[in-house]
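Enquirer: Take a look at the following structure, please.
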Amino acid sequence: MINEKRFTKEMELAIYKEWKDSNAFGFNEHSKKTIYSIDTPPPYINSPIHMGHASTYAIMDFIARFRRMLGEEVLFPLGLDQNGLPIEISAEKKYKVDFTKITREKALEYCRQLLNETTATSMDSFFKCGIGFASWKEGEKIGEIYQTDSPSYRALTQATFIDLYNKGLIYEANKVVNWDPKLQSTIADAEIIYEDRPGFFHDIIFKVKGTADKVIIGTTRPELICTCEMVIFNPEDKRYKHLEGKTLLTPIYNKEVKCKSHPAALMDKGTGLEMMCSYGDLADIRFFMEQGIKGKVAIGKDGTLNEHAGFLKGMKIKEAREKMIEELKTRGLLDKITPTAAHRTPISERSGTAIEFIEMPEYYLKQMDYKDKMREIAHKVNIFAPQSRQILLDWIDSVSIDWPITRRRYYATEVPAWYCKKCGTIALAEKGKYVQPWKDAYKGKCKKCGGTEFRGDERVFDTWFDSSISPLYILGYERHPEFYKKNIPCSLRPQGKEIVRTWLYYTLLKDYLLTGKIIFKDAWIHHHIVTDDGTKMSKSKGNILDPQKIIETLGTGAFRMWCAIEGNLDKDDFRCSMERIEGAGKLLEKLWNVSKFVSMFELTKEQEKNAELMEIDKWALAEVDKLVEEAHTRYLQYDFHTPVVRIINFVRDEFASHYVETVKRRAYNNDPVVKFSEAERNGAVKTLRESLRTILELLYPVNPAMTSFIYKELFTEEIISKPWPKMNGVKSKLNGAELVLFNSAVWKAKKDAVLSLKDPVKKAIAPKTLAPVEAELKAMHNIQKVEFRGNESIVEAK
RNA sequence: GGGCUCGUAGCCUAGCGGUUAUGGCACGACCCUUACAAGGUCGGGGUCGUCGGUUCGAAUCCGACCGGGCCCACCA
């Protein structure tokens with residue numbers, strides 16, 4: 001019998017602790033059961049976990065627990081992504097250091113220090129969310145916690161580089177890259193965001209060679225006139241028809257550039273004449289490739305202009321622009337300056353700095369040759385919800401250059417390569433060992449010239465190059481070959497929609513190139529957590545909800561319940577507020593109270609045998625059967641929302657309010673007037689207990705702690721070892737809706753007559769179908785005379 | 001510009017071709033009822049964004065428009 005008035009946070013945490021201490025969800029790699037593997041998203045651990053993390057992990061935990069109930073061996077590891085710029089940036093901020101000004105060793109130390117401090121906090125949050133990971137211990141075994149900065153993970157990243165390089169899928173090239181002048185590193189397209197920043201058109205004057213004619217060209221980047229290689233206008237633009245094929249002279253530099261028509265120029269932008277500069281973005285690079293022109297790069301690694309810019313050499317962009325404007329004005333070459341419509345500027349997502357386009361040698365992974373294959377893969381992976389597939393397809397369509405995989409930063413996996421000082425030939429590391437070429441010497445001879453002196457590569461990999469092998473890592477690729485072979489592909493990749501273009505895409509791409517396989521069967525794409533009115537949560541708006549605080553005040557149960565209720569993938573983003581989570585908590589309180597009631601009744605084995613189900617019992621059991629079936633179908637589709645809403649509505653609106661209320665007197669069986677047989681009394685208790693048992697089992701994946709507690713009290717069994725419930729197959733002809741209506745009619749009549757609920761009802765007419773419930777209805781409402789006819793409920797209270 | 005998605009009572013939401021449109025919050029009234037007063041019961045409150053179309057019948061299907069949100073791409 002449950003005596004506690006409420007299920008408290010302390011009781012909840014005690015259960016999580018027990019599971020953690022007993023390693024209740026440990027993974028047995030030798031199990032004969034079907035293995036269900038979850039490629040958990042390794043979250044960046046450099047800050048306390050946010051709502052997105054908490055809800056993603058909670059829902060993954062629903063999936064893991066449900067799959068265990070189905071009799072599967074669930075591989076649900078905790079991974080921690082601990083590479084890359086965000087960690088460096090927080091370390092620089094926290095310890096007030098500039099990594100470009102200290103030694104590389106020192107920088108790495110700061111990163112490790114930061115990670116040590118933050119890991120514990122995040123782990124604690126996951127624990128408090130009630131996540132049942134396969135292990136809470138860091139290690140090399142399948143299912144143990146992995147970190148992407150561990151020597152073993154980094155060794156695997158390096159091994160994949162070596163394999164892909166040897167397959168000819170990775171090459172080094174000197175190309176124009178997205179350069180972040182603040183971080184001093186190349187970044188990928190996926191790391192660029194766009195911000196509206198005010199810009200200005202500078203209308204500058206070009207001369208037409210061999211004539212006295214002048215033309216006016218609008219540009220937002222006057223400091224880059226030196227890189228102008230061509231001027232274009234739209235073929236439809238009659239204003240400039242006469243310039244076709246003419247040669248123009250750039251102002252100040254007096255460089256000869258061709259002028260021609262090209263559809264890339266828009267008539268209504270600027271003056272309609274566009275200066276094509278090789279500073280460009282990807283569109284410009286495409287244009288230059290098409291025109292067969294090799295442009296000049298005028299911006300250096302440090303973000304200042306180089307010798308190509310002549311008198312602007314050594315200046316930063318902003319300074320150079322001002323200087324150029326001044327110079328143009330002096331020479332009378334500036335017509336006017338007008339503000340542009342909000343100009344979308346490419347910004348480095350990691351540092352917030354405007355990126356520049358400069359030429360650097362970097363390694364690239366081929367992806368342009370595999371776009372069709374990627375489209376095919378995108379169609380073959382089961383995506384939940386299916387409409388999220390479009391995000392992936394759109395991204396594949398927009399990929400325009402191979403993936404630059406190297407970065408010039410520090411806290412990341414190093415490129416495992418050295419170069420012969422004599423002939424420059426590359427020497428790759430041996431697979432399986434983590435190497436740091438910037439400090440480890442290469443022990444060997446150059447294959448080409450026999451030289452023994454090597455220069456270690458100083459670059460590191462893009463973090464997505466690490467995290468895109470997480471499914472391979474968790475399945476033991478190269479480390480546990482037998483297990484790996486038996487268990488690829490991974491069953492499920494859960495992740496957020498904002499990283500479809502990075503994590504999902506890069507993983508499918510890289511793992512396909514490595515293994516020739518589609519690396520997971522299902523991908524579950526999470527939406528964003530937004531505020532109550534549907535806007536984004538952001539620090540600047542101050543509308544962030546902290547999951548740590550929510551759990552502290554409302555409890556994990558309420559939080560997880562909210563995740564299920566709100567988590568409809570077919571719809572929009574998930575709306576979140578304290579009120580919504582509180583509402584979810586109230587539903588749990590109802591379940592708790594019903595359970596307290598049911599826990600008052602017990603049945604001996606003999607009583608259980610001597611139990612006779614009455615019509616309303618059959619009705620309750622039949623309703624529960626429907627829930628079992630629906631939950632099974634839907635949970636398999638990763639839909640917890642639909643069945644959980646239905647279950648909880650049933651518990652509150654039908655089971656508690658009507659079934660329990662109606663059979664209460666039979667269960668007590670001490671009514672002075674209406675007597676039930678012992679078998680009928682036992683039937684009520686049996687139904688109460690069995691219905692509740694199933695309901696608890698259905699809700700266990702979502703709310704493991706409370707259901708487990710109640711289950712133990714009522715049935716002295718551990719819910720975590722129970723399989724998915726079977727249907728009991730009971731059928732009933734009782735119309736539940738009519739029962740609800742009849743009860744309401746009685747309650748209303750008593751209220752209208754200002755009677756207590758205990759007071760007798762003189763006469764009632766109930767729908768014919770309720771005749772089998774006569775005795776209970778009489779006892780419940782204290783009805784003196786009841787007739788069953790028609791389908792209406794008519795009550796005369798006095 | 002492209003993709004996804006949503007407009008149902010003051011706020012949030014279910015329904016997604018078929019009686020009188022579901023539930024919650026808030027509001028009002030009543031009730032200590034052998035689970036639950038941090039509760040229960042009853043009630044008031046709606047031209048289902050707008051305009052057209054399909055249909056015997058539309059919140060539901062189709063089209064156009066208006067408005068919100070999120071993601072992405074692109075530009076001098």
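Residue numbering restarts at 1 for every chain of the structure tokens, chains are lettered A, B, ... in their displayed order, and ligands are numbered from 1 as they appear.
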As JSON, numbers by chain, could you give me every residue of chain B near chain A (at most 9 Å apart, counting only C-alpha atoms (C1' of nucleotides))?
Expert: {"B": [2, 3, 4, 5, 6, 12, 23, 24, 25, 30, 31, 33, 34, 35, 36, 38, 41, 42, 68, 69, 70, 71, 72, 73, 74, 75, 76]}
Enquirer: Skipping near chain neighbours, those fewer than 2 positions away, what residues fall within 8 Å of Leu545 (chain A) using only C-alpha atoms (C1' of nucleotides), listed as a ChimeraX atom specification?
Expert: /A:50-51,537,543,547,549-550,577
Enquirer: By how many Å are CA of Glu327 (chain A) and CA of Ile205 (chain A) apart?
Expert: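 Spanning CA of Glu327 (chain A) to CA of Ile205 (chain A) is a straight-line distance of 12.6 Å.
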Enquirer: I need the helix (DSSP H, G or I) residues of region 354-383 of chain A per DSSP on the backbone, written as a list in words.
Expert: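 Answer for region 354-383 of chain A restricted to helix (DSSP H, G or I) is Met368, Asp369, Tyr370, Lys371, Asp372, Lys373, Met374, Arg375, Glu376, Ile377, Ala378, His379 and Lys380 of chain A.
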Enquirer: Would you tabulate, counting only C-alpha atoms, all residues of region 725-753 of chain A that have an atom at most 10 Å from an atom of region 624-628 of chain A, showing the closest pair of atoms and their distance in Å to one decimal, sorted by chain then ascending number, as CSV?
Expert:
```
residue,atom,partner,partner_atom,distance
A:Pro725,CA,A:Val628,CA,7.1
A:Lys726,CA,A:Val628,CA,7.6
A:Met727,CA,A:Asp625,CA,5.3
A:Asn728,CA,A:Asp625,CA,6.6
A:Gly729,CA,A:Asp625,CA,7.1
A:Val730,CA,A:Asp625,CA,8.0
A:Lys731,CA,A:Asp625,CA,9.3
```
Enquirer: Could you give me, as an MDAnalysis selection string, the residues within 8 Å of Leu75 (chain A), counting only C-alpha atoms (C1' of nucleotides) and dropping anything in the same chain fewer than 5 positions from it?
Expert: chainID A and resid 27 35:38 134 143
Enquirer: Deliver the residues from the most recent selection as a file, using N, CA, C and O atoms, as an mmCIF file, in the first residue's frame.
Expert:
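Everything below was put into part_9.cif:
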```cif
data_model
loop_
_atom_site.group_PDB
_atom_site.id
_atom_site.type_symbol
_atom_site.label_atom_id
_atom_site.label_comp_id
_atom_site.auth_asym_id
_atom_site.auth_seq_id
_atom_site.Cartn_x
_atom_site.Cartn_y
_atom_site.Cartn_z
ATOM 1 N N PHE A 27 25.321 -2.968 -21.054
ATOM 2 C CA PHE A 27 25.203 -3.580 -22.368
ATOM 3 C C PHE A 27 26.027 -4.867 -22.421
ATOM 4 O O PHE A 27 27.185 -4.889 -22.031
ATOM 5 N N ILE A 35 20.177 -6.782 -31.323
ATOM 6 C CA ILE A 35 20.812 -5.584 -30.782
ATOM 7 C C ILE A 35 20.210 -4.341 -31.419
ATOM 8 O O ILE A 35 20.036 -4.262 -32.637
ATOM 9 N N TYR A 36 19.858 -3.403 -30.562
ATOM 10 C CA TYR A 36 19.324 -2.122 -31.025
ATOM 11 C C TYR A 36 20.324 -1.051 -30.615
ATOM 12 O O TYR A 36 20.565 -0.834 -29.429
ATOM 13 N N SER A 37 20.925 -0.397 -31.607
ATOM 14 C CA SER A 37 21.986 0.551 -31.278
ATOM 15 C C SER A 37 21.562 1.985 -31.547
ATOM 16 O O SER A 37 20.944 2.283 -32.572
ATOM 17 N N ILE A 38 21.893 2.843 -30.610
ATOM 18 C CA ILE A 38 21.548 4.261 -30.736
ATOM 19 C C ILE A 38 22.829 5.065 -30.849
ATOM 20 O O ILE A 38 23.674 5.031 -29.969
ATOM 21 N N ALA A 134 23.979 2.954 -21.124
ATOM 22 C CA ALA A 134 24.517 1.604 -20.968
ATOM 23 C C ALA A 134 25.606 1.575 -19.902
ATOM 24 O O ALA A 134 25.845 0.552 -19.277
ATOM 25 N N GLY A 143 29.720 0.284 -25.437
ATOM 26 C CA GLY A 143 28.690 0.789 -24.528
ATOM 27 C C GLY A 143 29.199 1.729 -23.456
ATOM 28 O O GLY A 143 28.419 2.430 -22.823
#
```
Enquirer: For CA of Ile488 (chain A) and CA of Lys722 (chain A), quote the distance in Å rounded to one decimal.
Expert: 27.6 Å
Enquirer: So that I can check the surroundings of Asp462 (chain A), please list as a PyMOL selection string every protein, DNA and RNA residue that reaches within 12 Å of it, counting only C-alpha atoms (C1' of nucleotides) and ignoring chain neighbours fewer than 6 positions away.
Expert: chain A and resi 83-86+157+161+185-191+362-365+403-415+468+502-503+506
Enquirer: With only C-alpha atoms (C1' of nucleotides) as the counted atoms, please give the residues lying no more than 8 Å from Tyr434 (chain A), apart from itself and same-chain residues fewer than 3 positions off, as a ChimeraX atom specification.
Expert: /A:151-152,154-156,158
Enquirer: May I have the residues from that selection written out with N, CA, C and O atoms, as an mmCIF file, in the first residue's frame?
Expert:
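Contents of out09.cif, as written:
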```cif
data_model
loop_
_atom_site.group_PDB
_atom_site.id
_atom_site.type_symbol
_atom_site.label_atom_id
_atom_site.label_comp_id
_atom_site.auth_asym_id
_atom_site.auth_seq_id
_atom_site.Cartn_x
_atom_site.Cartn_y
_atom_site.Cartn_z
ATOM 1 N N PRO A 151 42.445 9.396 -26.855
ATOM 2 C CA PRO A 151 43.416 8.880 -27.823
ATOM 3 C C PRO A 151 42.784 7.823 -28.728
ATOM 4 O O PRO A 151 43.076 7.767 -29.928
ATOM 5 N N SER A 152 41.896 7.010 -28.178
ATOM 6 C CA SER A 152 41.346 5.944 -29.004
ATOM 7 C C SER A 152 40.397 6.489 -30.070
ATOM 8 O O SER A 152 40.402 6.035 -31.213
ATOM 9 N N ARG A 154 40.463 9.590 -31.273
ATOM 10 C CA ARG A 154 41.259 10.368 -32.230
ATOM 11 C C ARG A 154 42.066 9.456 -33.148
ATOM 12 O O ARG A 154 42.245 9.760 -34.329
ATOM 13 N N ALA A 155 42.520 8.341 -32.606
ATOM 14 C CA ALA A 155 43.260 7.396 -33.443
ATOM 15 C C ALA A 155 42.348 6.884 -34.557
ATOM 16 O O ALA A 155 42.775 6.694 -35.693
ATOM 17 N N LEU A 156 41.068 6.677 -34.213
ATOM 18 C CA LEU A 156 40.133 6.194 -35.229
ATOM 19 C C LEU A 156 39.882 7.277 -36.288
ATOM 20 O O LEU A 156 39.833 6.995 -37.478
ATOM 21 N N GLN A 158 41.937 9.519 -37.172
ATOM 22 C CA GLN A 158 43.140 9.547 -38.017
ATOM 23 C C GLN A 158 43.183 8.351 -38.964
ATOM 24 O O GLN A 158 43.564 8.482 -40.124
#
```
Enquirer: With a distance cut-off of 12 Å and only C-alpha atoms (C1' of nucleotides), select the neighbouring residues of C62 (chain B), excluding the residue or stretch itself and same-chain residues fewer than 5 positions from it, and output the selection as a list in words.
Expert: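 Residues meeting the cut-off are G52, G53, U54 and U55 of chain B.
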Enquirer: Could those selected residues go to a file with N, CA and C atoms (P, O5', C5', C4', C3', O3' and C1' of nucleotides), as an mmCIF file, in the first residue's frame?
Expert:
```cif
data_model
loop_
_atom_site.group_PDB
_atom_site.id
_atom_site.type_symbol
_atom_site.label_atom_id
_atom_site.label_comp_id
_atom_site.auth_asym_id
_atom_site.auth_seq_id
_atom_site.Cartn_x
_atom_site.Cartn_y
_atom_site.Cartn_z
ATOM 1 P P G B 52 -16.735 34.226 -50.771
ATOM 2 O "O5'" G B 52 -16.076 33.817 -52.149
ATOM 3 C "C5'" G B 52 -16.512 32.675 -52.813
ATOM 4 C "C4'" G B 52 -15.436 32.204 -53.769
ATOM 5 C "C3'" G B 52 -15.620 30.755 -54.166
ATOM 6 O "O3'" G B 52 -16.598 30.631 -55.181
ATOM 7 C "C1'" G B 52 -13.393 31.071 -53.496
ATOM 8 P P G B 53 -17.735 29.538 -54.966
ATOM 9 O "O5'" G B 53 -16.977 28.201 -55.360
ATOM 10 C "C5'" G B 53 -16.401 28.083 -56.671
ATOM 11 C "C4'" G B 53 -15.420 26.949 -56.700
ATOM 12 C "C3'" G B 53 -16.008 25.573 -56.402
ATOM 13 O "O3'" G B 53 -16.683 25.043 -57.523
ATOM 14 C "C1'" G B 53 -13.974 25.834 -55.224
ATOM 15 P P U B 54 -17.910 24.080 -57.324
ATOM 16 O "O5'" U B 54 -17.218 22.736 -56.840
ATOM 17 C "C5'" U B 54 -16.350 22.004 -57.718
ATOM 18 C "C4'" U B 54 -15.820 20.791 -56.995
ATOM 19 C "C3'" U B 54 -16.879 19.926 -56.326
ATOM 20 O "O3'" U B 54 -17.506 19.058 -57.248
ATOM 21 C "C1'" U B 54 -15.092 20.290 -54.812
ATOM 22 P P U B 55 -19.107 19.014 -57.314
ATOM 23 O "O5'" U B 55 -19.453 18.287 -55.942
ATOM 24 C "C5'" U B 55 -18.986 16.957 -55.696
ATOM 25 C "C4'" U B 55 -19.276 16.587 -54.266
ATOM 26 C "C3'" U B 55 -20.708 16.808 -53.815
ATOM 27 O "O3'" U B 55 -21.551 15.748 -54.227
ATOM 28 C "C1'" U B 55 -19.208 17.642 -52.169
#
```
Enquirer: Can you tell me which residues surround A21 (chain B) at a distance of at most 12 Å, considering only C-alpha atoms (C1' of nucleotides), apart from same-chain residues fewer than 6 positions away, and format the answer as a PyMOL selection string?
Expert: chain B and resi 8-9+14-15+46+48+59-60
Enquirer: So, with only C-alpha atoms as the atoms that count, which of A:Asp335, A:Asn682, A:Ser31, A:His262 lies closest to Gly71 (chain A)?
Expert: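 Smallest separation from Gly71 (chain A) among the options: A:Ser31.
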Enquirer: Would you work out the distance separating C1' of U20 (chain B) from CA of Ile565 (chain A), expressed in Å to one decimal?
Expert: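 The value is 29.1 Å.
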Enquirer: Select from region 526-615 of chain A everything DSSP, run on the backbone, classes as strand (DSSP E), then give the selection as a list in words.
Expert: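 Residues of region 526-615 of chain A classed as strand (DSSP E): His526, Ile529, Val530, Thr531, Phe574, Arg575 and Cys576 of chain A.
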